[in-house]
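A.B. asks: Please see the structure below; I have some questions.
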Amino acid sequence: MNALNVTEYTQTLGLQAKTASALMAKAPAAIKNKALHALARLLREHTSALQIDNAQDLDHARAAGLAEPLVDRLKLTPKVLETCAQGCEQLAAMPDIIGEITALRQQPSGIRVGQMRVPIGVFGMIYESRPNVTIEAASLSIKSGNACILRGGSEAIYSNKALALLVQKALQEAGLPEQAVQLVQTTDREAVGQLIAMPQYVDVIIPRGGKGLIERISAGAKVPVIKHLDGNCHTYVDDSADLAMALRVVENAKTQKYSPCNATESLLVARGVAQTFLPLVSAMFAAKGVEMRCDPVAAQILRSNSPVADDQPASVAIKTGALPPALVVDAVESDWSEEYLAPIISIKVVAGVDEAIAHINHYSSHHTDAILTTNHRHAQRFLREVDSASVMVNTSTRFADGFEYGLGAEIGISTDKFHARGPVGIEGLTSLKYVVLGEGEVRS
């Protein structure tokens with residue numbers, strides 16, 4: 001497409017989305033749920049065909065030299081597609097909050113004032129790599145009564161086109177306008193510039209991808225942006241932690257999958273347990289080939305490979321061998337802020353919960369941070385004082401996800417403080433308007 005055609009094309013998408021949004025806003029819950037169930041069924045019926053389309057994207061990505069963690073994000077495995085289908089069904093089973101009136105209160109004048117939850121209208125979604133985002137965005141848009149315009153990355157164009165066709169087929173089956181979910185069919189970057197500058201059609205933009213993408217979108221957008229910057233997530237092992245549990249949780253938080261934004265990138269360990277815990281966790285990381293970028297105290301412990309005390313419980317007293325020297329690296333200042341998305345983790349020994357909280361609030365991307373502790377007071381302080389979208393006690397940061405939170409799916413994880421924060425589900429795609437009920441009252 002030339003520049004003029006791209007402008008005309010995106011304007012057409014915007015007009016169609018705006019028209020469809022009015023129909024979606026008044027669609028009954030049963031009809032929206034019918035579309036979601038149809039989409040779940042179609043995903044399962046077309047799993048094999050979708051993998052053929054997905055294979056084209058994977059082949060092109062590898063030929064272009066895309067890093068393996070990014071290739072991993074492109075994969076539409078049967079498990080990924082089944083999770084998408086279950087997300088649609090989970091959304092369909094949830095109550096319809098559109099039109100819900102809350103906090104209705106009688107005023108001295110006689111009027112009753114409350115708030116009604118309504119769709120935002122039209123949102124634009126710009127995302128990279130993960131084609132499953134197409135289904136997550138579409139299903140949330142349907143349930144929340146919105147229309148959306150989706151622009152995936154060029155690296156997933158075949159997968160996204162195939163998925164978008166299924167979405168539109170599901171909308172048609174339910175009697176909803178197929179233009180309620182539209183995929184930008186061109187990979188021309190000018191389409192992004194047009195999409196983020198159409199306030200007459202688009203009510204909010206949601207970028208989902210690397211930090212560079214989000215910063216570019218935020219700088220150029222003429223409509224509000226719900227931002228998700230990088231995921232520099234921390235796990236802090238407190239001096240009262242159950243170390244067997246901590247080892248299991250840290251292993252999952254970092255190594256269950258390296259590419260997601262909710263993987264732990266930085267491990268903080270209280271000084272009181274560092275000599276015992278670090279040799280244990282380092283043996284686990286070494287076995288998985290995870291590079292450890294350490295502060296001087298952690299590096300000294302790991303390089304000397306201090307033995308576990310004889311009086312430790314059997315579940316903790318694991319004999320560790322010598323660590324490969326290449327896996328223990330001296331950290332530099334930038335490591336404390338880094339989102340690796342790779343088998344690399346930064347490790348720092350801290351005095352205790354005060355220093356852990358201060359470190360996290362200074363270096364964190366305010367995405368997800370966890371404390372592992374048996375000290376209730378420390379847990380409560382961590383929950384109150386850590387300034388992040390999700391704060392956890394005694395569990396893996398990998399749970400920071402709309403599906404795992406019971407939202408059905410997520411449009412992204414917002415690190416903003418306004419309008420939505422954390423995994424953005426149905427409520428994050430709605431707004432509140434005041435409703436006033438009277439019986440002829442007039443203001444005196």
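In the structure tokens, each chain is lettered A, B, ... as it comes, each chain's residues begin at 1, and ligands are numbered from 1 in order of appearance.
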Which residues are close to Ile426 of chain A, i.e. within 7 Å by only C-alpha atoms, leaving aside same-chain residues fewer than 4 positions away? Reply as JSON, numbers by chain.

C.D. replies: {"A": [140, 144, 430]}

A.B. asks: With C-alpha atoms retained, export the selected residues as a compact mmCIF listing (two decimals), in the first residue's frame.

C.D. replies:
# COMPACT_ATOMS: atom_id res chain seq x y z
CA LEU A 140 -12.24 -9.52 25.83
CA SER A 144 -16.92 -6.10 27.25
CA THR A 430 -14.93 -0.34 30.49

A.B. asks: Write out as a VMD selection string each polymer residue whose atoms come within 7 Å of Ala270 of chain A, counting only C-alpha atoms; drop sequence neighbours fewer than 3 positions from it.

C.D. replies: chain A and resid 237 to 239 273 to 274 349 to 352

A.B. asks: For the selection you just gave me, I'd like the residues written to a file as a compact mmCIF listing (two decimals), in the first residue's frame, keeping C-alpha atoms.

C.D. replies:
# COMPACT_ATOMS: atom_id res chain seq x y z
CA VAL A 237 13.71 -14.56 49.92
CA ASP A 238 13.22 -13.30 53.47
CA ASP A 239 15.34 -14.45 56.41
CA VAL A 273 19.86 -17.03 54.87
CA ALA A 274 22.23 -16.17 52.01
CA VAL A 349 22.13 -10.04 49.06
CA VAL A 350 20.18 -7.50 51.12
CA ALA A 351 20.12 -6.78 54.85
CA GLY A 352 16.42 -7.59 55.17

A.B. asks: Restricting the calculation to only C-alpha atoms: of A:Val184, A:Leu278, A:Ala61, A:Ile347, which residue gets closest to Tyr9 of chain A?

C.D. replies: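 Result for the nearest residue to Tyr9 of chain A: A:Val184.
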
A.B. asks: May I have a table of the residues of segment 100-197 of chain A lying at most 12 Å from segment 227-233 of chain A, giving each one's closest pair of atoms and their distance in Å to one decimal, counting only C-alpha atoms, ordered by chain and ascending residue number, as a Markdown table?

C.D. replies:
| residue | atom | partner | partner_atom | distance |
| --- | --- | --- | --- | --- |
| A:Met125 | CA | A:Lys227 | CA | 11.1 |
| A:Ile126 | CA | A:Lys227 | CA | 11.0 |
| A:Tyr127 | CA | A:His228 | CA | 10.9 |

A.B. asks: Could you name the residues that touch Val71 of chain A at 9 Å or less, counting only C-alpha atoms, but leaving out those on the same chain fewer than 5 positions away, as a list in words?

C.D. replies: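 Here the qualifying residues turn out to be Leu58, Ala61, Arg62, Leu66 and Ser129 of chain A.
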
A.B. asks: Using the chain letters and numbers from this document, which residues of segment 47-107 of chain A does DSSP assign to helix (DSSP H, G or I), as an MDAnalysis selection string?

C.D. replies: chainID A and resid 47:63 68:74 78:93

A.B. asks: Do a neighbour search on Ala299 of chain A at 12 Å with only C-alpha atoms, toss out local chain neighbours closer than 2 positions, and write the hits as a VMD selection string.

C.D. replies: chain A and resid 274 to 275 278 to 279 282 291 to 297 301 to 306 323 325 to 331 346 to 349

A.B. asks: Mind writing the picked residues with N, CA, C and O atoms as a compact mmCIF listing (two decimals), in the first residue's frame?

C.D. replies:
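The file below, selection09.txt, is the result:
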# COMPACT_ATOMS: atom_id res chain seq x y z
N ALA A 274 21.48 -16.15 53.27
CA ALA A 274 22.23 -16.17 52.01
C ALA A 274 23.24 -17.31 51.95
O ALA A 274 23.36 -18.00 50.93
N GLN A 275 23.98 -17.54 53.06
CA GLN A 275 25.00 -18.59 53.05
C GLN A 275 24.39 -19.97 52.82
O GLN A 275 25.03 -20.85 52.24
N LEU A 278 21.83 -19.53 48.88
CA LEU A 278 22.45 -19.27 47.59
C LEU A 278 23.13 -20.51 46.98
O LEU A 278 23.00 -20.74 45.77
N PRO A 279 23.86 -21.32 47.74
CA PRO A 279 24.41 -22.53 47.12
C PRO A 279 23.33 -23.47 46.57
O PRO A 279 23.54 -24.13 45.55
N SER A 282 21.81 -21.73 43.39
CA SER A 282 22.80 -21.66 42.32
C SER A 282 23.02 -23.02 41.68
O SER A 282 23.25 -23.13 40.47
N GLU A 291 22.68 -18.05 33.75
CA GLU A 291 23.78 -17.17 34.16
C GLU A 291 23.34 -16.31 35.33
O GLU A 291 22.24 -15.74 35.31
N MET A 292 24.19 -16.20 36.36
CA MET A 292 23.86 -15.43 37.57
C MET A 292 24.74 -14.19 37.65
O MET A 292 25.96 -14.30 37.75
N ARG A 293 24.13 -13.02 37.59
CA ARG A 293 24.85 -11.75 37.66
C ARG A 293 24.71 -11.22 39.10
O ARG A 293 23.63 -10.77 39.49
N CYS A 294 25.81 -11.28 39.82
CA CYS A 294 25.75 -11.15 41.28
C CYS A 294 26.42 -9.89 41.81
O CYS A 294 27.41 -9.42 41.24
N ASP A 295 25.88 -9.40 42.93
CA ASP A 295 26.57 -8.35 43.67
C ASP A 295 27.78 -8.99 44.37
O ASP A 295 27.91 -10.22 44.41
N PRO A 296 28.71 -8.19 44.92
CA PRO A 296 29.94 -8.77 45.49
C PRO A 296 29.70 -9.83 46.56
O PRO A 296 30.41 -10.84 46.61
N VAL A 297 28.69 -9.62 47.42
CA VAL A 297 28.45 -10.59 48.50
C VAL A 297 27.95 -11.91 47.93
O VAL A 297 28.45 -12.99 48.28
N ILE A 301 29.92 -15.71 47.88
CA ILE A 301 29.31 -16.94 48.40
C ILE A 301 29.28 -18.02 47.33
O ILE A 301 29.63 -19.18 47.57
N LEU A 302 28.89 -17.64 46.13
CA LEU A 302 28.75 -18.63 45.07
C LEU A 302 30.10 -19.15 44.59
O LEU A 302 30.24 -20.33 44.28
N ARG A 303 31.08 -18.26 44.52
CA ARG A 303 32.39 -18.70 44.04
C ARG A 303 33.11 -19.58 45.06
O ARG A 303 33.87 -20.47 44.71
N SER A 304 32.83 -19.32 46.34
CA SER A 304 33.42 -20.19 47.36
C SER A 304 32.57 -21.43 47.57
O SER A 304 33.01 -22.41 48.16
N ASN A 305 31.30 -21.33 47.04
CA ASN A 305 30.36 -22.46 47.13
C ASN A 305 30.27 -22.98 48.55
O ASN A 305 30.51 -24.15 48.83
N SER A 306 29.94 -22.08 49.48
CA SER A 306 29.87 -22.42 50.90
C SER A 306 28.98 -23.63 51.12
O SER A 306 27.89 -23.72 50.57
N LEU A 323 30.48 -24.78 40.84
CA LEU A 323 29.75 -24.10 39.79
C LEU A 323 30.66 -23.80 38.61
O LEU A 323 31.81 -23.43 38.80
N PRO A 325 32.50 -21.57 36.33
CA PRO A 325 32.84 -20.16 36.57
C PRO A 325 32.09 -19.19 35.66
O PRO A 325 31.74 -18.10 36.07
N ALA A 326 31.82 -19.60 34.43
CA ALA A 326 31.17 -18.70 33.48
C ALA A 326 29.76 -18.32 33.90
O ALA A 326 29.21 -17.33 33.43
N LEU A 327 29.13 -19.12 34.77
CA LEU A 327 27.75 -18.85 35.15
C LEU A 327 27.63 -17.83 36.28
O LEU A 327 26.54 -17.36 36.57
N VAL A 328 28.73 -17.50 36.94
CA VAL A 328 28.71 -16.49 38.00
C VAL A 328 29.45 -15.26 37.49
O VAL A 328 30.67 -15.31 37.26
N VAL A 329 28.70 -14.18 37.28
CA VAL A 329 29.25 -12.97 36.67
C VAL A 329 29.04 -11.81 37.62
O VAL A 329 28.02 -11.75 38.32
N ASP A 330 29.99 -10.88 37.68
CA ASP A 330 29.84 -9.69 38.50
C ASP A 330 28.79 -8.77 37.87
O ASP A 330 28.90 -8.40 36.69
N ALA A 331 27.78 -8.40 38.65
CA ALA A 331 26.73 -7.53 38.13
C ALA A 331 27.24 -6.11 37.97
O ALA A 331 28.13 -5.65 38.69
N SER A 346 19.70 -11.62 37.84
CA SER A 346 20.55 -10.85 38.74
C SER A 346 20.27 -11.28 40.17
O SER A 346 19.13 -11.61 40.51
N ILE A 347 21.32 -11.31 41.00
CA ILE A 347 21.19 -11.78 42.39
C ILE A 347 21.88 -10.79 43.32
O ILE A 347 23.03 -10.41 43.09
N LYS A 348 21.17 -10.40 44.36
CA LYS A 348 21.73 -9.45 45.33
C LYS A 348 21.39 -9.89 46.74
O LYS A 348 20.25 -10.32 47.01
N VAL A 349 22.36 -9.78 47.64
CA VAL A 349 22.13 -10.04 49.06
C VAL A 349 21.77 -8.72 49.72
O VAL A 349 22.46 -7.71 49.55

A.B. asks: Please return, as a tab-separated table (two decimals) with all heavy atoms, in the first residue's frame, all residues of segment 288-443 of chain A that DSSP assigns to strand (DSSP E) on the basis of the backbone.

C.D. replies:
chain	number	residue	atom	x	y	z
A	291	GLU	N	22.68	-18.05	33.75
A	291	GLU	CA	23.78	-17.17	34.16
A	291	GLU	C	23.34	-16.31	35.33
A	291	GLU	O	22.24	-15.74	35.31
A	291	GLU	CB	24.20	-16.28	32.99
A	291	GLU	CG	25.33	-15.31	33.31
A	291	GLU	CD	25.67	-14.43	32.13
A	291	GLU	OE1	25.98	-14.98	31.04
A	291	GLU	OE2	25.61	-13.19	32.29
A	292	MET	N	24.19	-16.20	36.36
A	292	MET	CA	23.86	-15.43	37.57
A	292	MET	C	24.74	-14.19	37.65
A	292	MET	O	25.96	-14.30	37.75
A	292	MET	CB	24.05	-16.31	38.81
A	292	MET	CG	23.05	-17.45	38.89
A	292	MET	SD	23.57	-18.82	39.99
A	292	MET	CE	24.55	-19.82	38.84
A	293	ARG	N	24.13	-13.02	37.59
A	293	ARG	CA	24.85	-11.75	37.66
A	293	ARG	C	24.71	-11.22	39.10
A	293	ARG	O	23.63	-10.77	39.49
A	293	ARG	CB	24.31	-10.78	36.63
A	293	ARG	CG	24.49	-11.33	35.21
A	293	ARG	CD	24.19	-10.34	34.13
A	293	ARG	NE	24.37	-10.93	32.81
A	293	ARG	CZ	24.14	-10.30	31.66
A	293	ARG	NH1	23.71	-9.04	31.69
A	293	ARG	NH2	24.33	-10.92	30.51
A	294	CYS	N	25.81	-11.28	39.82
A	294	CYS	CA	25.75	-11.15	41.28
A	294	CYS	C	26.42	-9.89	41.81
A	294	CYS	O	27.41	-9.42	41.24
A	294	CYS	CB	26.43	-12.36	41.93
A	294	CYS	SG	25.73	-13.94	41.42
A	328	VAL	N	28.73	-17.50	36.94
A	328	VAL	CA	28.71	-16.49	38.00
A	328	VAL	C	29.45	-15.26	37.49
A	328	VAL	O	30.67	-15.31	37.26
A	328	VAL	CB	29.35	-17.01	39.30
A	328	VAL	CG1	29.30	-15.94	40.38
A	328	VAL	CG2	28.64	-18.27	39.77
A	329	VAL	N	28.70	-14.18	37.28
A	329	VAL	CA	29.25	-12.97	36.67
A	329	VAL	C	29.04	-11.81	37.62
A	329	VAL	O	28.02	-11.75	38.32
A	329	VAL	CB	28.53	-12.70	35.32
A	329	VAL	CG1	29.03	-11.41	34.68
A	329	VAL	CG2	28.70	-13.88	34.38
A	330	ASP	N	29.99	-10.88	37.68
A	330	ASP	CA	29.84	-9.69	38.50
A	330	ASP	C	28.79	-8.77	37.87
A	330	ASP	O	28.90	-8.40	36.69
A	330	ASP	CB	31.17	-8.95	38.63
A	330	ASP	CG	32.19	-9.73	39.43
A	330	ASP	OD1	31.78	-10.47	40.35
A	330	ASP	OD2	33.39	-9.63	39.13
A	344	ILE	N	19.09	-15.74	32.30
A	344	ILE	CA	19.99	-14.84	33.05
A	344	ILE	C	19.19	-14.27	34.21
A	344	ILE	O	18.01	-13.92	34.04
A	344	ILE	CB	20.51	-13.68	32.17
A	344	ILE	CG1	21.19	-14.20	30.90
A	344	ILE	CG2	21.48	-12.80	32.96
A	344	ILE	CD1	21.52	-13.10	29.90
A	345	ILE	N	19.80	-14.17	35.37
A	345	ILE	CA	19.13	-13.57	36.52
A	345	ILE	C	20.14	-12.76	37.32
A	345	ILE	O	21.31	-13.12	37.42
A	345	ILE	CB	18.47	-14.66	37.41
A	345	ILE	CG1	17.55	-14.02	38.46
A	345	ILE	CG2	19.52	-15.57	38.06
A	345	ILE	CD1	16.64	-15.02	39.17
A	346	SER	N	19.70	-11.62	37.84
A	346	SER	CA	20.55	-10.85	38.74
A	346	SER	C	20.27	-11.28	40.17
A	346	SER	O	19.13	-11.61	40.51
A	346	SER	CB	20.31	-9.35	38.58
A	346	SER	OG	18.98	-9.00	38.92
A	347	ILE	N	21.32	-11.31	41.00
A	347	ILE	CA	21.19	-11.78	42.39
A	347	ILE	C	21.88	-10.79	43.32
A	347	ILE	O	23.03	-10.41	43.09
A	347	ILE	CB	21.81	-13.18	42.57
A	347	ILE	CG1	21.13	-14.20	41.64
A	347	ILE	CG2	21.70	-13.64	44.02
A	347	ILE	CD1	21.73	-15.59	41.71
A	348	LYS	N	21.17	-10.40	44.36
A	348	LYS	CA	21.73	-9.45	45.33
A	348	LYS	C	21.39	-9.89	46.74
A	348	LYS	O	20.25	-10.32	47.01
A	348	LYS	CB	21.16	-8.04	45.08
A	348	LYS	CG	21.72	-6.95	46.00
A	348	LYS	CD	21.11	-5.60	45.66
A	348	LYS	CE	21.61	-4.50	46.58
A	348	LYS	NZ	23.06	-4.25	46.44
A	349	VAL	N	22.36	-9.78	47.64
A	349	VAL	CA	22.13	-10.04	49.06
A	349	VAL	C	21.77	-8.72	49.72
A	349	VAL	O	22.46	-7.71	49.55
A	349	VAL	CB	23.38	-10.65	49.73
A	349	VAL	CG1	23.17	-10.79	51.24
A	349	VAL	CG2	23.70	-12.00	49.11
A	350	VAL	N	20.64	-8.71	50.45
A	350	VAL	CA	20.18	-7.50	51.12
A	350	VAL	C	20.11	-7.74	52.62
A	350	VAL	O	20.03	-8.89	53.08
A	350	VAL	CB	18.79	-7.05	50.60
A	350	VAL	CG1	18.88	-6.63	49.14
A	350	VAL	CG2	17.75	-8.16	50.76
A	368	THR	N	5.47	-6.95	38.67
A	368	THR	CA	5.13	-7.98	39.65
A	368	THR	C	6.33	-8.28	40.53
A	368	THR	O	7.43	-8.49	40.02
A	368	THR	CB	4.69	-9.28	38.95
A	368	THR	OG1	3.57	-9.01	38.10
A	368	THR	CG2	4.31	-10.35	39.96
A	369	ASP	N	6.11	-8.30	41.84
A	369	ASP	CA	7.19	-8.59	42.78
A	369	ASP	C	6.65	-9.45	43.91
A	369	ASP	O	5.50	-9.30	44.33
A	369	ASP	CB	7.78	-7.28	43.32
A	369	ASP	CG	8.38	-6.44	42.19
A	369	ASP	OD1	9.41	-6.84	41.65
A	369	ASP	OD2	7.78	-5.40	41.84
A	370	ALA	N	7.51	-10.38	44.40
A	370	ALA	CA	7.05	-11.37	45.38
A	370	ALA	C	8.00	-11.45	46.57
A	370	ALA	O	9.21	-11.25	46.43
A	370	ALA	CB	6.94	-12.74	44.72
A	371	ILE	N	7.42	-11.77	47.73
A	371	ILE	CA	8.20	-12.07	48.93
A	371	ILE	C	7.92	-13.50	49.34
A	371	ILE	O	6.78	-13.97	49.28
A	371	ILE	CB	7.86	-11.10	50.10
A	371	ILE	CG1	8.74	-11.39	51.32
A	371	ILE	CG2	6.39	-11.14	50.45
A	371	ILE	CD1	8.56	-10.38	52.47
A	372	LEU	N	8.97	-14.22	49.73
A	372	LEU	CA	8.83	-15.57	50.27
A	372	LEU	C	9.21	-15.50	51.74
A	372	LEU	O	10.36	-15.21	52.08
A	372	LEU	CB	9.75	-16.54	49.51
A	372	LEU	CG	9.59	-16.51	47.98
A	372	LEU	CD1	10.54	-17.52	47.32
A	372	LEU	CD2	8.16	-16.77	47.56
A	390	SER	N	1.20	-5.93	40.66
A	390	SER	CA	0.88	-7.17	41.38
A	390	SER	C	1.96	-7.39	42.43
A	390	SER	O	3.16	-7.31	42.12
A	390	SER	CB	0.84	-8.38	40.44
A	390	SER	OG	-0.30	-8.37	39.61
A	391	VAL	N	1.55	-7.65	43.66
A	391	VAL	CA	2.47	-7.93	44.75
A	391	VAL	C	2.05	-9.26	45.37
A	391	VAL	O	0.87	-9.46	45.68
A	391	VAL	CB	2.48	-6.81	45.81
A	391	VAL	CG1	3.59	-7.04	46.83
A	391	VAL	CG2	2.65	-5.44	45.15
A	392	MET	N	3.01	-10.18	45.56
A	392	MET	CA	2.68	-11.55	45.93
A	392	MET	C	3.40	-12.00	47.19
A	392	MET	O	4.49	-11.50	47.49
A	392	MET	CB	3.07	-12.49	44.78
A	392	MET	CG	2.39	-12.16	43.47
A	392	MET	SD	2.91	-13.29	42.16
A	392	MET	CE	1.68	-12.92	40.90
A	393	VAL	N	2.80	-12.96	47.87
A	393	VAL	CA	3.41	-13.57	49.05
A	393	VAL	C	3.45	-15.09	48.82
A	393	VAL	O	2.42	-15.71	48.54
A	393	VAL	CB	2.61	-13.26	50.33
A	393	VAL	CG1	3.22	-13.99	51.53
A	393	VAL	CG2	2.58	-11.76	50.59
A	413	ILE	N	-0.76	-6.35	30.63
A	413	ILE	CA	-0.54	-6.06	32.05
A	413	ILE	C	-0.08	-4.62	32.15
A	413	ILE	O	1.02	-4.27	31.71
A	413	ILE	CB	0.49	-7.02	32.67
A	413	ILE	CG1	-0.05	-8.45	32.63
A	413	ILE	CG2	0.81	-6.62	34.10
A	413	ILE	CD1	0.88	-9.50	33.20
A	414	SER	N	-0.94	-3.79	32.69
A	414	SER	CA	-0.65	-2.36	32.75
A	414	SER	C	0.24	-2.03	33.94
A	414	SER	O	-0.04	-2.44	35.07
A	414	SER	CB	-1.96	-1.57	32.86
A	414	SER	OG	-1.70	-0.21	33.13
A	422	GLY	N	-2.18	-3.61	36.42
A	422	GLY	CA	-2.07	-5.06	36.49
A	422	GLY	C	-2.73	-5.70	35.27
A	422	GLY	O	-2.97	-5.04	34.25
A	423	PRO	N	-3.03	-7.02	35.32
A	423	PRO	CA	-3.70	-7.67	34.19
A	423	PRO	C	-5.01	-6.96	33.87
A	423	PRO	O	-5.84	-6.74	34.75
A	423	PRO	CB	-3.95	-9.09	34.70
A	423	PRO	CG	-2.88	-9.31	35.73
A	423	PRO	CD	-2.71	-7.98	36.40
A	430	THR	N	-13.67	-1.05	30.28
A	430	THR	CA	-14.93	-0.34	30.49
A	430	THR	C	-14.68	0.98	31.20
A	430	THR	O	-13.57	1.25	31.67
A	430	THR	CB	-15.91	-1.17	31.33
A	430	THR	OG1	-15.35	-1.37	32.64
A	430	THR	CG2	-16.19	-2.52	30.70
A	431	SER	N	-15.71	1.78	31.25
A	431	SER	CA	-15.67	3.05	31.97
A	431	SER	C	-16.92	3.14	32.83
A	431	SER	O	-17.81	2.30	32.74
A	431	SER	CB	-15.62	4.21	30.96
A	431	SER	OG	-15.55	5.45	31.63
A	432	LEU	N	-16.96	4.14	33.67
A	432	LEU	CA	-18.14	4.39	34.51
A	432	LEU	C	-18.74	5.74	34.15
A	432	LEU	O	-18.02	6.72	33.96
A	432	LEU	CB	-17.75	4.38	36.00
A	432	LEU	CG	-17.33	3.03	36.59
A	432	LEU	CD1	-16.74	3.24	37.98
A	432	LEU	CD2	-18.51	2.07	36.65
A	433	LYS	N	-20.06	5.77	34.04
A	433	LYS	CA	-20.73	7.05	33.88
A	433	LYS	C	-21.76	7.20	34.99
A	433	LYS	O	-22.29	6.20	35.51
A	433	LYS	CB	-21.40	7.17	32.51
A	433	LYS	CG	-22.55	6.21	32.25
A	433	LYS	CD	-23.11	6.44	30.85
A	433	LYS	CE	-24.25	5.50	30.51
A	433	LYS	NZ	-24.72	5.68	29.12
A	434	TYR	N	-22.00	8.42	35.40
A	434	TYR	CA	-22.98	8.67	36.45
A	434	TYR	C	-24.39	8.55	35.88
A	434	TYR	O	-24.67	8.99	34.75
A	434	TYR	CB	-22.79	10.06	37.05
A	434	TYR	CG	-21.71	10.10	38.10
A	434	TYR	CD1	-20.42	10.52	37.78
A	434	TYR	CD2	-21.97	9.69	39.41
A	434	TYR	CE1	-19.42	10.55	38.73
A	434	TYR	CE2	-20.98	9.71	40.37
A	434	TYR	CZ	-19.70	10.14	40.02
A	434	TYR	OH	-18.72	10.15	40.98
A	435	VAL	N	-25.27	7.93	36.66
A	435	VAL	CA	-26.69	7.90	36.32
A	435	VAL	C	-27.45	8.51	37.50
A	435	VAL	O	-27.10	8.30	38.66
A	435	VAL	CB	-27.19	6.46	36.05
A	435	VAL	CG1	-26.53	5.91	34.79
A	435	VAL	CG2	-26.92	5.54	37.22
A	436	VAL	N	-28.45	9.29	37.15
A	436	VAL	CA	-29.24	10.01	38.17
A	436	VAL	C	-30.70	9.67	37.96
A	436	VAL	O	-31.24	9.83	36.86
A	436	VAL	CB	-29.01	11.53	38.06
A	436	VAL	CG1	-29.83	12.25	39.15
A	436	VAL	CG2	-27.53	11.88	38.18
A	437	LEU	N	-31.35	9.17	39.01
A	437	LEU	CA	-32.76	8.77	38.95
A	437	LEU	C	-33.58	9.72	39.80
A	437	LEU	O	-33.27	9.95	40.97
A	437	LEU	CB	-32.92	7.33	39.45
A	437	LEU	CG	-32.01	6.28	38.81
A	437	LEU	CD1	-32.27	4.90	39.43
A	437	LEU	CD2	-32.21	6.23	37.30

A.B. asks: With only C-alpha atoms as the counted atoms, please give the residues lying no more than 7 Å from Ala197 of chain A, apart from itself and same-chain residues fewer than 6 positions off, as a ChimeraX atom specification.

C.D. replies: /A:221-223

A.B. asks: Record the distance separating atom CA of Pro28 of chain A and atom CA of Gly438 of chain A, expressed in Å with one decimal.

C.D. replies: 26.3 Å

A.B. asks: How far is it from atom CA of Glu89 of chain A to atom CA of Lys26 of chain A, in Å with one decimal?

C.D. replies: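 If I compute the distance from atom CA of Glu89 of chain A to atom CA of Lys26 of chain A, I get 21.0 Å.
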
A.B. asks: In Å, how far is it from atom CA of Gly440 of chain A to atom CA of Arg117 of chain A?

C.D. replies: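 About the pair atom CA of Gly440 of chain A and atom CA of Arg117 of chain A: they are 24.8 Å apart.
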
A.B. asks: Please list as a PyMOL selection string every residue within 7 Å of segment 149-159 of chain A, counting only C-alpha atoms and excluding residues in the same chain fewer than 6 positions away.

C.D. replies: chain A and resi 50+53-54+56-57+61+74+123-129+131+181-184+187

A.B. asks: So that I can check the surroundings of Leu23 of chain A, please list as an MDAnalysis selection string every protein, DNA and RNA residue that reaches within 9 Å of it, counting only C-alpha atoms and ignoring chain neighbours fewer than 2 positions away.

C.D. replies: chainID A and resid 19:21 25:27 145:146 176:177 180

A.B. asks: In terms of the shortest atom-to-atom distance over only C-alpha atoms, which of A:Asp387, A:Gly99, A:Gln172, A:Ile120 is closest to Val202 of chain A?

C.D. replies: A:Ile120

A.B. asks: Pick the closest to Cys84 of chain A from A:Asp354, A:Asp242, A:Glu136, A:Glu385: which is it, counting only C-alpha atoms?

C.D. replies: A:Glu136
